[in-house]
Amino acid sequence: TPNTQARLRIAIQKSGRLADECATLFKGAGLKLNLRDQRLLSHCQNLPIDILRVRDDDIPGLVMDGVVDLGIVGENVLEEERLERCATNRSAEFATLRRLDFGGCRLSIAIDKDAQYQGPQSLAGTRIATTYPYLLQRYLDNAGVNASSCMLKGSVEVAPRAGLADSICDLVSTGATLEANGLKEAEVIFRSKATLIQSTKVLDTATQELVDKLLTRINGVIQAKESKYIMLHAPKAQLEQVISLLPGAENPTILPLADDKERVALHAVSSETLFWDTMEELKALGASSILVLPIEKMLG
Ligand code: ATP
Ligand code: MG
């Protein structure tokens with residue numbers, strides 16, 4: 001029978017803050033890819049998937065127009081594109097499959113570090129430089145502030161010093177760039193992470209099944225990262241208290257120890273990273289040989 005299944009097309013950022021994490025995620029999900037060369041299109045060797053590598057700004061539009069089936073992009077870029085398309089009566093439909101665990105940042109308004117700030121009204125009548133005019137305008141409208149914005153696609157943080165604007169609205173993760181430019185964060189207007197989205201275009205059954213399988217694997221990769229395998233020896237008398245200290249490990253495996261009737265070995269998958277203070281509490285309960293191991297993959 002002829003193979004009629006179309007190849008699943010996924011857009012990711014070619015280079016930049018999201019590129020490496022996307023490659024790592026796909027590798028963890030078992031996709032065999034060669035992303036080292038600089039080609040626009042990479043064919044997955046073991047699944048009918050093509051990876052399209054583009055500027056992150058292009059990803060929301062490619063998904064909304066159904067040019068690609070899936071995309072990974074920052075929610076900041078996604079929401080800005082959605083607002084712009086809604087304002088200009090173009091289609092802005094997509095489905096969110098999963099918020100991812102990387103690319104975290106916030107879109108903030110930052111002002112001169114010596115300026116007085118008494119809430120959003122301090123921005124009234126000023127000019128704010130930004131790459132995100134629609135997200136900024138939505139914030140200003142909700143706050144009831146009348147301010148103007150000017151579009152800068154790069155070097156936003158130097159705009160106040162260059163006399164182009166009074167303040168800026170830009171992405172922040174540590175705040176180091178702001179500080180280096182004599183600015184301080186005044187207002188967080190949007191919190192963002194990378195997200196996996198799908199076009200609303202209906203796929204053939206086999207391709208949709210591939211999307212579901214990929215999503216299950218991605219969930220497994222992220223869940224594994226957030227989980228630990230814990231092994232320890234515990235006194236039988238303290239077993240209940242020991243188990244209650246392990247987050248998300250309701251059904252541990254209990255094994256007898258050779259030549260020790262008072263103690264047992266306990267193995268469990270914990271849904272959270274075990275911190276030093278919990279390990280110290282376990283030890284205080286009489287637990288010993290406490291091992292915390294990383295989990296590589298998880299299913300079901
Ligand atoms: P491209 O060439 O693809 O257009 P870019 O310069 O627009 O790249 P990057 O700087 O690589 O984009 O950032 C991509 C995304 O990473 C941002 O849209 C945002 O979602 C996320 N991000 C996380 N932390 C930060 C940060 N400190 N500054 C900027 N973006 C960040
Ligand atoms: Mg960009």
# chains A, B, ... in the order shown; residues from 1 in each chain; ligands from 1
$ residues_near_ligand --ligand "ligand 1" --cutoff "7 Å" --atoms "only C-alpha atoms and all ligand atoms" --output "PyMOL selection string"
chain A and resi 13-18+54-57+73-77+103-105+171-174+192-194
$ write_last_selection --atoms "C-alpha atoms" --output "JSON list (two decimals), in the first residue's frame"
[["chain", "number", "residue", "atom", "x", "y", "z"],
["A", 13, "GLN", "CA", 13.83, 29.01, 16.29],
["A", 14, "LYS", "CA", 16.93, 28.67, 14.14],
["A", 15, "SER", "CA", 19.35, 30.24, 16.59],
["A", 16, "GLY", "CA", 18.87, 32.16, 19.80],
["A", 17, "ARG", "CA", 17.61, 31.57, 23.30],
["A", 18, "LEU", "CA", 15.13, 28.81, 22.44],
["A", 54, "VAL", "CA", 13.25, 30.18, 11.24],
["A", 55, "ARG", "CA", 13.32, 33.50, 13.14],
["A", 56, "ASP", "CA", 11.16, 33.17, 16.24],
["A", 57, "ASP", "CA", 9.00, 36.12, 15.08],
["A", 73, "VAL", "CA", 7.77, 29.88, 20.47],
["A", 74, "GLY", "CA", 7.83, 32.26, 23.42],
["A", 75, "GLU", "CA", 4.35, 33.22, 24.65],
["A", 76, "ASN", "CA", 5.41, 36.87, 24.41],
["A", 77, "VAL", "CA", 5.97, 36.62, 20.65],
["A", 103, "GLY", "CA", 12.45, 30.28, 27.89],
["A", 104, "GLY", "CA", 11.09, 31.89, 31.03],
["A", 105, "CYS", "CA", 11.16, 35.69, 31.04],
["A", 171, "LEU", "CA", 12.05, 41.35, 28.07],
["A", 172, "VAL", "CA", 13.86, 40.78, 31.34],
["A", 173, "SER", "CA", 15.19, 37.60, 32.88],
["A", 174, "THR", "CA", 17.85, 38.59, 35.42],
["A", 192, "SER", "CA", 6.26, 34.20, 29.40],
["A", 193, "LYS", "CA", 7.61, 30.72, 28.75],
["A", 194, "ALA", "CA", 8.18, 28.76, 25.59]]
$ residues_around --residues "Leu266 of chain A" --least-positions-apart "5" --cutoff "6 Å" --atoms "only C-alpha atoms" --output "count of residues only"
4
$ select_by_dssp --residues "segment 52-291 of chain A" --states "strand (DSSP E or B)" --output "PyMOL selection string"
chain A and resi 52-54+70-74+95-99+105-112+127-130+148-151+167-172+183-192+194-198+228-235+253-257+260-270+288-291
$ closest_residue --among "A:Cys22, A:Leu70, A:Leu78, A:Leu215" --to "ligand 2" --atoms "only C-alpha atoms and all ligand atoms"
A:Leu78
$ closest_residue --among "A:Val68, A:Asp166, A:Lys225, A:Ala268" --to "Ile290 of chain A" --atoms "only C-alpha atoms"
A:Ala268
$ residues_around --residues "Arg82 of chain A" --least-positions-apart "2" --cutoff "9 Å" --atoms "only C-alpha atoms" --output "compact mmCIF listing (two decimals) with C-alpha atoms, in the first residue's frame"
# COMPACT_ATOMS: atom_id res chain seq x y z
CA PRO A 60 3.23 32.19 15.32
CA GLY A 61 2.20 33.31 11.82
CA MET A 64 -1.80 30.45 12.42
CA VAL A 77 5.97 36.62 20.65
CA LEU A 78 2.85 34.46 20.23
CA GLU A 79 0.52 36.80 22.12
CA GLU A 80 1.90 39.89 20.37
CA GLU A 84 -1.76 42.29 16.02
CA ARG A 85 -3.71 39.88 13.81
CA CYS A 86 -6.92 40.40 15.79
CA ALA A 87 -6.50 44.17 15.45
CA SER A 91 -6.93 34.80 11.37
CA ALA A 92 -5.17 34.21 14.68
CA GLU A 93 -6.29 30.68 15.56
$ closest_residue --among "A:Arg191, A:Lys201, A:Lys153, A:Lys261" --to "ligand 2" --atoms "only C-alpha atoms and all ligand atoms"
A:Lys153
